[in-house]
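Pasted below: target-v5.cif, mmCIF, C-alpha atoms.
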data_model
#
loop_
_atom_site.label_atom_id
_atom_site.label_comp_id
_atom_site.auth_asym_id
_atom_site.auth_seq_id
_atom_site.Cartn_x
_atom_site.Cartn_y
_atom_site.Cartn_z
CA MET A 1291 141.55 143.06 39.79
CA ILE A 1292 138.35 141.33 38.77
CA GLN A 1293 136.92 139.16 41.54
CA GLN A 1294 135.90 135.82 40.15
CA GLU A 1295 133.35 133.49 41.67
CA ARG A 1296 135.59 130.56 42.62
CA PRO A 1297 134.09 127.20 43.57
CA LEU A 1298 134.11 126.52 47.32
CA SER A 1299 135.67 123.53 49.02
CA PRO A 1300 133.02 120.80 49.44
CA PHE A 1301 132.92 121.05 53.22
CA MET A 1302 131.92 124.72 52.99
CA GLN A 1303 128.77 123.72 51.17
CA TYR A 1304 127.53 120.85 53.30
CA ARG A 1305 124.18 121.32 54.95
CA TRP A 1306 124.23 121.16 58.75
CA GLN A 1307 122.71 117.83 59.71
CA TYR A 1308 122.71 115.11 62.36
CA THR A 1309 125.74 113.27 60.96
CA ASN A 1310 128.20 116.12 61.39
CA THR A 1311 126.55 117.22 64.67
CA LEU A 1312 127.16 113.79 66.21
CA SER A 1313 130.65 113.64 64.75
CA ILE A 1314 131.60 117.05 66.15
CA LEU A 1315 130.06 116.11 69.49
CA HIS A 1316 132.32 113.03 69.55
CA ARG A 1317 135.37 115.25 69.17
CA LEU A 1318 134.14 117.89 71.62
CA THR A 1319 133.40 115.30 74.32
CA GLY A 1320 136.85 113.77 73.70
CA ILE A 1321 138.60 117.13 74.03
CA PHE A 1322 136.56 117.97 77.12
CA MET A 1323 137.46 114.66 78.77
CA SER A 1324 141.15 115.36 78.07
CA ALA A 1325 140.80 118.30 80.44
CA GLY A 1326 139.15 115.98 82.95
CA LEU A 1327 142.27 113.81 82.85
CA LEU A 1328 144.11 116.65 84.63
CA LEU A 1329 141.63 116.46 87.47
CA LEU A 1330 141.73 112.66 87.64
CA VAL A 1331 145.52 112.66 87.96
CA TYR A 1332 145.38 115.50 90.49
CA TRP A 1333 142.91 113.44 92.52
CA LEU A 1334 145.16 110.35 92.43
CA ALA A 1335 148.27 112.38 93.26
CA SER A 1336 146.55 114.01 96.24
CA ALA A 1337 145.55 110.58 97.55
CA ALA A 1338 149.17 109.48 97.21
CA SER A 1339 150.49 112.40 99.22
CA GLY A 1340 148.45 111.83 102.36
CA SER A 1341 145.07 112.41 103.97
CA GLU A 1342 145.51 116.17 104.48
CA ASP A 1343 146.26 116.86 100.83
CA TYR A 1344 143.52 114.47 99.80
CA ASN A 1345 140.90 116.26 101.89
CA ALA A 1346 142.03 119.60 100.46
CA ALA A 1347 141.58 118.12 96.98
CA LEU A 1348 138.12 116.82 97.90
CA ASN A 1349 137.16 120.33 99.01
CA LEU A 1350 138.18 121.65 95.63
CA LEU A 1351 136.31 118.85 93.83
CA ASN A 1352 133.17 119.63 95.84
CA ARG A 1353 132.90 123.17 94.50
CA PRO A 1354 129.74 123.77 92.43
CA VAL A 1355 131.75 124.66 89.30
CA VAL A 1356 133.70 121.41 89.46
CA LYS A 1357 130.51 119.47 90.19
CA PHE A 1358 128.90 120.96 87.11
CA ALA A 1359 131.98 120.03 85.09
CA MET A 1360 131.74 116.50 86.51
CA PHE A 1361 128.17 116.25 85.31
CA LEU A 1362 129.32 117.26 81.82
CA TRP A 1363 132.24 114.80 82.04
CA LEU A 1364 129.81 112.04 82.90
CA PHE A 1365 127.69 112.85 79.86
CA SER A 1366 130.81 113.17 77.71
CA PHE A 1367 131.99 109.79 78.94
CA TYR A 1368 128.75 107.99 78.04
CA TYR A 1369 128.35 109.78 74.73
CA HIS A 1370 131.95 109.13 73.67
CA LEU A 1371 131.62 105.50 74.79
CA PHE A 1372 128.42 104.78 72.86
CA ASN A 1373 129.38 106.77 69.79
CA GLY A 1374 132.78 105.05 69.93
CA ILE A 1375 131.03 101.69 69.75
CA ARG A 1376 129.11 103.07 66.76
CA HIS A 1377 132.39 104.02 65.09
CA LEU A 1378 133.89 100.57 65.77
CA CYS A 1379 130.81 98.98 64.17
CA TRP A 1380 131.30 101.16 61.11
CA ASP A 1381 134.94 100.05 60.98
CA LEU A 1382 133.64 96.48 60.80
CA GLY A 1383 131.39 97.55 57.93
CA TRP A 1384 128.16 97.41 59.89
CA GLY A 1385 125.50 100.12 60.19
CA PHE A 1386 126.37 102.36 57.27
CA GLU A 1387 122.86 102.30 55.78
CA ARG A 1388 121.17 105.64 56.18
CA ALA A 1389 118.22 104.35 58.22
CA VAL A 1390 120.44 102.29 60.55
CA ALA A 1391 122.95 105.12 61.03
CA LYS A 1392 120.16 107.49 61.95
CA LYS A 1393 118.66 105.01 64.41
CA THR A 1394 121.98 104.26 66.13
CA GLY A 1395 122.71 107.99 66.28
CA TRP A 1396 119.51 108.66 68.21
CA LEU A 1397 120.09 105.56 70.35
CA THR A 1398 123.56 106.85 71.26
CA LEU A 1399 122.23 110.22 72.34
CA ILE A 1400 119.28 108.81 74.32
CA CYS A 1401 121.39 106.15 76.06
CA ALA A 1402 123.97 108.78 77.00
CA ILE A 1403 121.36 111.11 78.50
CA VAL A 1404 119.53 108.34 80.40
CA LEU A 1405 122.70 106.77 81.83
CA THR A 1406 124.09 110.17 82.80
CA ALA A 1407 120.91 110.89 84.77
CA LEU A 1408 120.90 107.42 86.39
CA THR A 1409 124.57 107.58 87.37
CA TRP A 1410 124.20 111.09 88.74
CA MET A 1411 121.27 109.95 90.87
CA CYS A 1412 123.29 106.95 92.12
CA LEU A 1413 126.24 109.18 93.08
CA SER A 1414 123.96 111.77 94.72
CA LEU A 1415 122.32 109.10 96.86
CA HIS A 1416 125.75 108.11 98.19
CA VAL A 1417 126.22 111.65 99.51
CA TYR A 1418 123.32 111.16 101.90
CA ALA A 1419 124.46 107.65 102.72
CA SER A 1420 128.05 108.42 103.65
CA ALA A 1421 129.08 110.68 106.50
CA ASN A 1422 132.34 111.70 104.88
CA GLY A 1423 130.67 113.02 101.77
CA GLY A 1424 130.47 111.17 98.48
CA LEU A 1425 132.06 111.98 95.20
CA VAL A 1426 129.25 114.22 93.98
CA MET X 477 150.26 90.41 67.34
CA ASN X 478 150.71 91.65 63.80
CA MET X 479 147.30 92.32 62.26
CA ARG X 480 148.53 93.99 59.11
CA SER X 481 148.16 92.48 55.69
CA PRO X 482 151.23 91.06 53.86
CA MET X 483 150.53 93.61 51.10
CA LYS X 484 151.26 96.44 53.50
CA SER X 485 154.60 94.94 54.52
CA VAL X 486 155.59 94.52 50.89
CA LEU X 487 154.57 98.02 49.80
CA GLY X 488 156.29 99.76 52.69
CA LEU X 489 154.96 102.61 54.75
CA GLY X 490 153.62 105.06 52.17
CA ALA X 491 153.73 108.85 52.07
CA ALA X 492 152.78 109.37 55.70
CA LYS X 493 155.79 107.19 56.72
CA GLN X 494 153.76 105.35 59.30
CA GLY X 495 150.82 103.98 57.33
CA SER X 496 147.74 103.07 59.29
CA HIS X 497 149.51 102.55 62.63
CA HIS X 498 148.02 105.65 64.27
CA TRP X 499 144.50 104.82 63.11
CA TRP X 500 144.86 101.18 64.18
CA MET X 501 146.21 101.98 67.65
CA GLN X 502 143.32 104.40 68.22
CA ARG X 503 140.97 101.44 67.66
CA VAL X 504 143.00 99.04 69.78
CA SER X 505 143.13 101.46 72.72
CA SER X 506 139.42 102.20 72.36
CA VAL X 507 138.58 98.50 72.67
CA ALA X 508 140.71 98.27 75.83
CA LEU X 509 138.96 101.34 77.26
CA LEU X 510 135.58 99.83 76.37
CA LEU X 511 136.28 97.44 79.26
CA LEU X 512 138.49 99.52 81.57
CA ALA X 513 136.52 102.79 81.61
CA PRO X 514 133.15 101.27 82.64
CA TRP X 515 135.05 99.20 85.24
CA PHE X 516 136.50 102.39 86.70
CA LEU X 517 133.16 104.19 86.75
CA LEU X 518 131.30 101.20 88.24
CA SER X 519 134.01 100.84 90.90
CA LEU X 520 133.64 104.49 91.89
CA ILE X 521 129.87 104.15 92.08
CA SER X 522 130.00 100.97 94.15
CA LEU X 523 132.75 102.40 96.36
CA GLY X 524 130.36 105.25 97.12
CA ASP X 525 132.33 106.71 99.98
CA VAL X 526 135.50 108.30 98.61
CA SER X 527 137.09 109.17 101.95
CA TYR X 528 140.88 108.91 102.14
CA ALA X 529 140.82 105.62 104.02
CA SER X 530 138.38 103.78 101.77
CA LEU X 531 139.88 105.08 98.50
CA THR X 532 143.49 104.22 99.37
CA LEU X 533 142.45 100.80 100.67
CA TRP X 534 140.57 100.20 97.44
CA ILE X 535 143.50 101.28 95.25
CA ALA X 536 145.96 99.23 97.30
CA GLN X 537 144.27 95.93 96.49
CA PRO X 538 146.55 94.34 93.84
CA VAL X 539 143.86 93.74 91.20
CA HIS X 540 142.69 97.34 91.51
CA SER X 541 146.24 98.75 91.37
CA VAL X 542 146.96 96.84 88.18
CA LEU X 543 143.67 97.66 86.44
CA LEU X 544 143.79 101.31 87.51
CA THR X 545 147.36 101.62 86.18
CA MET X 546 146.26 100.12 82.87
CA PHE X 547 143.26 102.46 82.79
CA VAL X 548 145.41 105.56 83.36
CA VAL X 549 148.10 104.57 80.84
CA ILE X 550 145.71 103.55 78.06
CA THR X 551 143.49 106.59 78.67
CA VAL X 552 146.49 108.89 78.28
CA TYR X 553 147.58 107.02 75.14
CA HIS X 554 144.08 107.20 73.60
CA THR X 555 143.91 110.90 74.50
CA GLN X 556 147.27 111.56 72.83
CA LEU X 557 146.18 109.83 69.63
CA GLY X 558 142.85 111.64 69.57
CA LEU X 559 144.14 115.14 70.37
CA GLN X 560 146.88 114.79 67.76
CA VAL X 561 144.31 114.10 65.02
CA VAL X 562 142.20 117.08 66.14
CA ILE X 563 145.23 119.39 66.03
CA GLU X 564 146.37 118.04 62.65
CA ASP X 565 142.87 118.70 61.31
CA TYR X 566 142.34 122.23 62.62
CA VAL X 567 145.75 123.86 63.04
CA ALA X 568 146.85 124.87 59.56
CA HIS X 569 150.21 126.51 60.39
CA GLU X 570 152.92 123.82 60.28
CA GLY X 571 155.12 125.27 63.02
CA LEU X 572 152.24 125.91 65.40
CA LYS X 573 150.92 122.43 64.67
CA LEU X 574 154.24 120.82 65.59
CA VAL X 575 154.69 122.88 68.76
CA THR X 576 151.12 122.22 69.95
CA ILE X 577 151.46 118.48 69.41
CA LEU X 578 154.82 118.40 71.21
CA ILE X 579 153.49 120.36 74.21
CA ILE X 580 150.43 118.12 74.48
CA ASN X 581 152.63 115.01 74.26
CA PHE X 582 154.89 116.21 77.06
CA VAL X 583 151.98 117.17 79.30
CA LEU X 584 150.25 113.84 78.70
CA LEU X 585 153.44 111.89 79.39
CA LEU X 586 153.82 113.81 82.63
CA LEU X 587 150.20 113.01 83.56
CA ALA X 588 150.75 109.30 82.88
CA VAL X 589 153.90 109.22 85.02
CA ILE X 590 152.29 111.13 87.91
CA GLY X 591 149.19 108.91 87.71
CA VAL X 592 151.11 105.63 87.70
CA PHE X 593 153.54 106.82 90.39
CA SER X 594 150.62 107.85 92.62
CA ILE X 595 148.88 104.51 92.24
CA LEU X 596 152.07 102.59 93.00
CA ARG X 597 152.88 104.81 95.97
CA ILE X 598 149.45 104.12 97.46
CA ALA X 599 149.70 100.42 96.63
CA PHE X 600 153.10 100.01 98.29
CA SER X 601 152.46 102.23 101.31
CA VAL X 602 149.14 100.82 102.49
CA SER X 603 150.28 97.92 104.61
CA PRO X 604 148.73 94.46 104.22
CA ALA X 605 148.19 94.52 108.00
CA ILE X 606 145.59 97.23 107.51
CA HIS X 607 143.79 94.98 105.05
CA LEU X 608 143.64 92.26 107.68
CA GLN X 609 142.43 94.77 110.23
CA MET X 610 139.69 95.97 107.90
CA GLY X 611 138.75 92.37 107.14
CA LEU X 612 139.36 92.81 103.43
CA GLU X 613 141.59 89.80 102.95
#
What is this structure when it is put down as structure tokens?
Amino acid sequence: MIQQERPLSPFMQYRWQYTNTLSILHRLTGIFMSAGLLLLVYWLASAASGSEDYNAALNLLNRPVVKFAMFLWLFSFYYHLFNGIRHLCWDLGWGFERAVAKKTGWLTLICAIVLTALTWMCLSLHVYASANGGLV
Amino acid sequence: MNMRSPMKSVLGLGAAKQGSHHWWMQRVSSVALLLLAPWFLLSLISLGDVSYASLTLWIAQPVHSVLLTMFVVITVYHTQLGLQVVIEDYVAHEGLKLVTILIINFVLLLLAVIGVFSILRIAFSVSPAIHLQMGLE
């Protein structure tokens, strides 16, 4: 059989650029936070079943792996929040111009990084402040 | 509140059988979370100490119980809507697509029920007397 050069679907040909990076990041952070929902509910359920179970849960949440995941969840939260606002603005018809979209894209990323760092510092300070151990 | 245009009501639901409902509810839940999610995070930060006593006392305050319940329910709903779109976009096989969506829906419903039940259990078991003792009310 003779192999013919068939045209590719448009999305196979798109150049990798900031628009699809930010869009994929929105989905990835959303999916990642869905996993975090398991932990949030586990945390609430442990608090509902008494102090012993709750302290056992806190021990689990204090493990370095979970702490690292929490850091990523925090970033995911801020990124998804700010990019979500960007999406809502687009739905209202605002910010579609190339220059504006690029600016808000960078703004989203920078705000997410800065607020993640600030929040992490805030939570870390609580650890030293409280005898029982803070969240982080 | 019905925010759909009269044209949509006249034309019916279209090929997808549910029109723009899914898309619209994703937006509605996102606006609710725009307020609830930062509230939850700020509360955790200002609570600082997440020991059993201070967390359960915090949850048991009526305003917090109600807002936290809303946060959990709407978060699960928003997650369901979002994950469904992702699966519809990337899982090509129809059977696998259906099964994955169903499993995720069941798990998320379970999470919502456990979450709400836990909040209510804490809210109804922490006695108001303790609040008085702690000088919270």
Q: Define the interface residues of chain X facing chain A as those within 6 Å, counting all atoms listed in the file, and report them as a ChimeraX atom specification.
A: /X:524-526,528,591,594,598
Output of the above residues as an mmCIF file, in the frame of the given file, restricted to C-alpha atoms:
data_model
loop_
_atom_site.group_PDB
_atom_site.id
_atom_site.type_symbol
_atom_site.label_atom_id
_atom_site.label_comp_id
_atom_site.auth_asym_id
_atom_site.auth_seq_id
_atom_site.Cartn_x
_atom_site.Cartn_y
_atom_site.Cartn_z
ATOM 1 C CA GLY X 524 130.360 105.250 97.120
ATOM 2 C CA ASP X 525 132.330 106.710 99.980
ATOM 3 C CA VAL X 526 135.500 108.300 98.610
ATOM 4 C CA TYR X 528 140.880 108.910 102.140
ATOM 5 C CA GLY X 591 149.190 108.910 87.710
ATOM 6 C CA SER X 594 150.620 107.850 92.620
ATOM 7 C CA ILE X 598 149.450 104.120 97.460
#
(Q) Which polymer residues, whether protein, DNA or RNA, lie within 12 Å of the coordinate (150.4, 120.3, 74.6) when you count only C-alpha atoms? List them as a PyMOL selection string, using the chain letters and numbers from the file. (A) (chain A and resi 1324-1325) or (chain X and resi 555-556+559-560+563+572-587)
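Residue neighbourhood of stretch 1397-1400 of chain A, excluding near-sequence residues (fewer than 3 positions): Tyr1369, Phe1372, Asn1373, Lys1393, Thr1394, Ile1403 and Val1404 of chain A, at 8 Å, using only C-alpha atoms.
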Q) Could you name the residues that touch stretch 530-536 of chain X at 10 Å or less, counting all atoms listed in the file, but leaving out those on the same chain fewer than 4 positions away, as a PyMOL selection string? A) (chain A and resi 1334+1337-1338+1340-1341) or (chain X and resi 519-520+523-526+540-545+595-604+606-607+610+612)
Any chance you can output those residues with C-alpha atoms as a PDB file, in the frame of the given file?
ATOM      1  CA  LEU A1334     145.160 110.350  92.430  1.00  0.00           C
ATOM      2  CA  ALA A1337     145.550 110.580  97.550  1.00  0.00           C
ATOM      3  CA  ALA A1338     149.170 109.480  97.210  1.00  0.00           C
ATOM      4  CA  GLY A1340     148.450 111.830 102.360  1.00  0.00           C
ATOM      5  CA  SER A1341     145.070 112.410 103.970  1.00  0.00           C
TER       6      SER A1341
ATOM      7  CA  SER X 519     134.010 100.840  90.900  1.00  0.00           C
ATOM      8  CA  LEU X 520     133.640 104.490  91.890  1.00  0.00           C
ATOM      9  CA  LEU X 523     132.750 102.400  96.360  1.00  0.00           C
ATOM     10  CA  GLY X 524     130.360 105.250  97.120  1.00  0.00           C
ATOM     11  CA  ASP X 525     132.330 106.710  99.980  1.00  0.00           C
ATOM     12  CA  VAL X 526     135.500 108.300  98.610  1.00  0.00           C
ATOM     13  CA  HIS X 540     142.690  97.340  91.510  1.00  0.00           C
ATOM     14  CA  SER X 541     146.240  98.750  91.370  1.00  0.00           C
ATOM     15  CA  VAL X 542     146.960  96.840  88.180  1.00  0.00           C
ATOM     16  CA  LEU X 543     143.670  97.660  86.440  1.00  0.00           C
ATOM     17  CA  LEU X 544     143.790 101.310  87.510  1.00  0.00           C
ATOM     18  CA  THR X 545     147.360 101.620  86.180  1.00  0.00           C
ATOM     19  CA  ILE X 595     148.880 104.510  92.240  1.00  0.00           C
ATOM     20  CA  LEU X 596     152.070 102.590  93.000  1.00  0.00           C
ATOM     21  CA  ARG X 597     152.880 104.810  95.970  1.00  0.00           C
ATOM     22  CA  ILE X 598     149.450 104.120  97.460  1.00  0.00           C
ATOM     23  CA  ALA X 599     149.700 100.420  96.630  1.00  0.00           C
ATOM     24  CA  PHE X 600     153.100 100.010  98.290  1.00  0.00           C
ATOM     25  CA  SER X 601     152.460 102.230 101.310  1.00  0.00           C
ATOM     26  CA  VAL X 602     149.140 100.820 102.490  1.00  0.00           C
ATOM     27  CA  SER X 603     150.280  97.920 104.610  1.00  0.00           C
ATOM     28  CA  PRO X 604     148.730  94.460 104.220  1.00  0.00           C
ATOM     29  CA  ILE X 606     145.590  97.230 107.510  1.00  0.00           C
ATOM     30  CA  HIS X 607     143.790  94.980 105.050  1.00  0.00           C
ATOM     31  CA  MET X 610     139.690  95.970 107.900  1.00  0.00           C
ATOM     32  CA  LEU X 612     139.360  92.810 103.430  1.00  0.00           C
TER      33      LEU X 612
END
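Here atom CA of X:Val539 and atom CA of X:Leu509 stand 16.6 Å from one another.
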Would you fill the gaps in stretch 1354-1377 of chain A so it has N, CA and C atoms, then print it as a tab-separated table (two decimals), keeping the file's coordinate frame?
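Below is the file selection-v2.tsv, written as the result:
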chain	number	residue	atom	x	y	z
A	1354	PRO	N	130.83	123.88	93.42
A	1354	PRO	CA	129.74	123.77	92.43
A	1354	PRO	C	130.23	123.77	90.97
A	1355	VAL	N	131.25	124.60	90.68
A	1355	VAL	CA	131.75	124.66	89.30
A	1355	VAL	C	132.31	123.31	88.87
A	1356	VAL	N	133.09	122.70	89.78
A	1356	VAL	CA	133.70	121.41	89.46
A	1356	VAL	C	132.62	120.33	89.36
A	1357	LYS	N	131.61	120.44	90.24
A	1357	LYS	CA	130.51	119.47	90.19
A	1357	LYS	C	129.77	119.55	88.86
A	1358	PHE	N	129.56	120.77	88.41
A	1358	PHE	CA	128.90	120.96	87.11
A	1358	PHE	C	129.76	120.36	86.00
A	1359	ALA	N	131.06	120.60	86.08
A	1359	ALA	CA	131.98	120.03	85.09
A	1359	ALA	C	131.92	118.50	85.15
A	1360	MET	N	131.81	117.95	86.36
A	1360	MET	CA	131.74	116.50	86.51
A	1360	MET	C	130.50	115.93	85.83
A	1361	PHE	N	129.40	116.67	85.97
A	1361	PHE	CA	128.17	116.25	85.31
A	1361	PHE	C	128.39	116.19	83.80
A	1362	LEU	N	129.04	117.23	83.26
A	1362	LEU	CA	129.32	117.26	81.82
A	1362	LEU	C	130.31	116.15	81.43
A	1363	TRP	N	131.29	115.88	82.33
A	1363	TRP	CA	132.24	114.80	82.04
A	1363	TRP	C	131.53	113.46	81.97
A	1364	LEU	N	130.56	113.29	82.88
A	1364	LEU	CA	129.81	112.04	82.90
A	1364	LEU	C	129.06	111.86	81.58
A	1365	PHE	N	128.40	112.93	81.14
A	1365	PHE	CA	127.69	112.85	79.86
A	1365	PHE	C	128.68	112.59	78.73
A	1366	SER	N	129.79	113.33	78.74
A	1366	SER	CA	130.81	113.17	77.71
A	1366	SER	C	131.29	111.72	77.66
A	1367	PHE	N	131.51	111.16	78.86
A	1367	PHE	CA	131.99	109.79	78.94
A	1367	PHE	C	131.02	108.82	78.25
A	1368	TYR	N	129.74	108.90	78.62
A	1368	TYR	CA	128.75	107.99	78.04
A	1368	TYR	C	128.58	108.24	76.54
A	1369	TYR	N	128.53	109.50	76.15
A	1369	TYR	CA	128.35	109.78	74.73
A	1369	TYR	C	129.52	109.25	73.92
A	1370	HIS	N	130.74	109.55	74.39
A	1370	HIS	CA	131.95	109.13	73.67
A	1370	HIS	C	132.03	107.60	73.62
A	1371	LEU	N	131.61	106.97	74.71
A	1371	LEU	CA	131.62	105.50	74.79
A	1371	LEU	C	130.67	104.89	73.75
A	1372	PHE	N	129.41	105.37	73.76
A	1372	PHE	CA	128.42	104.78	72.86
A	1372	PHE	C	128.70	105.14	71.40
A	1373	ASN	N	129.08	106.39	71.17
A	1373	ASN	CA	129.38	106.77	69.79
A	1373	ASN	C	130.66	106.07	69.31
A	1374	GLY	N	131.57	105.80	70.25
A	1374	GLY	CA	132.78	105.05	69.93
A	1374	GLY	C	132.45	103.64	69.46
A	1375	ILE	N	131.48	103.02	70.15
A	1375	ILE	CA	131.03	101.69	69.75
A	1375	ILE	C	130.45	101.76	68.33
A	1376	ARG	N	129.70	102.85	68.08
A	1376	ARG	CA	129.11	103.07	66.76
A	1376	ARG	C	130.22	103.15	65.69
A	1377	HIS	N	131.27	103.89	66.03
A	1377	HIS	CA	132.39	104.02	65.09
A	1377	HIS	C	133.07	102.67	64.85
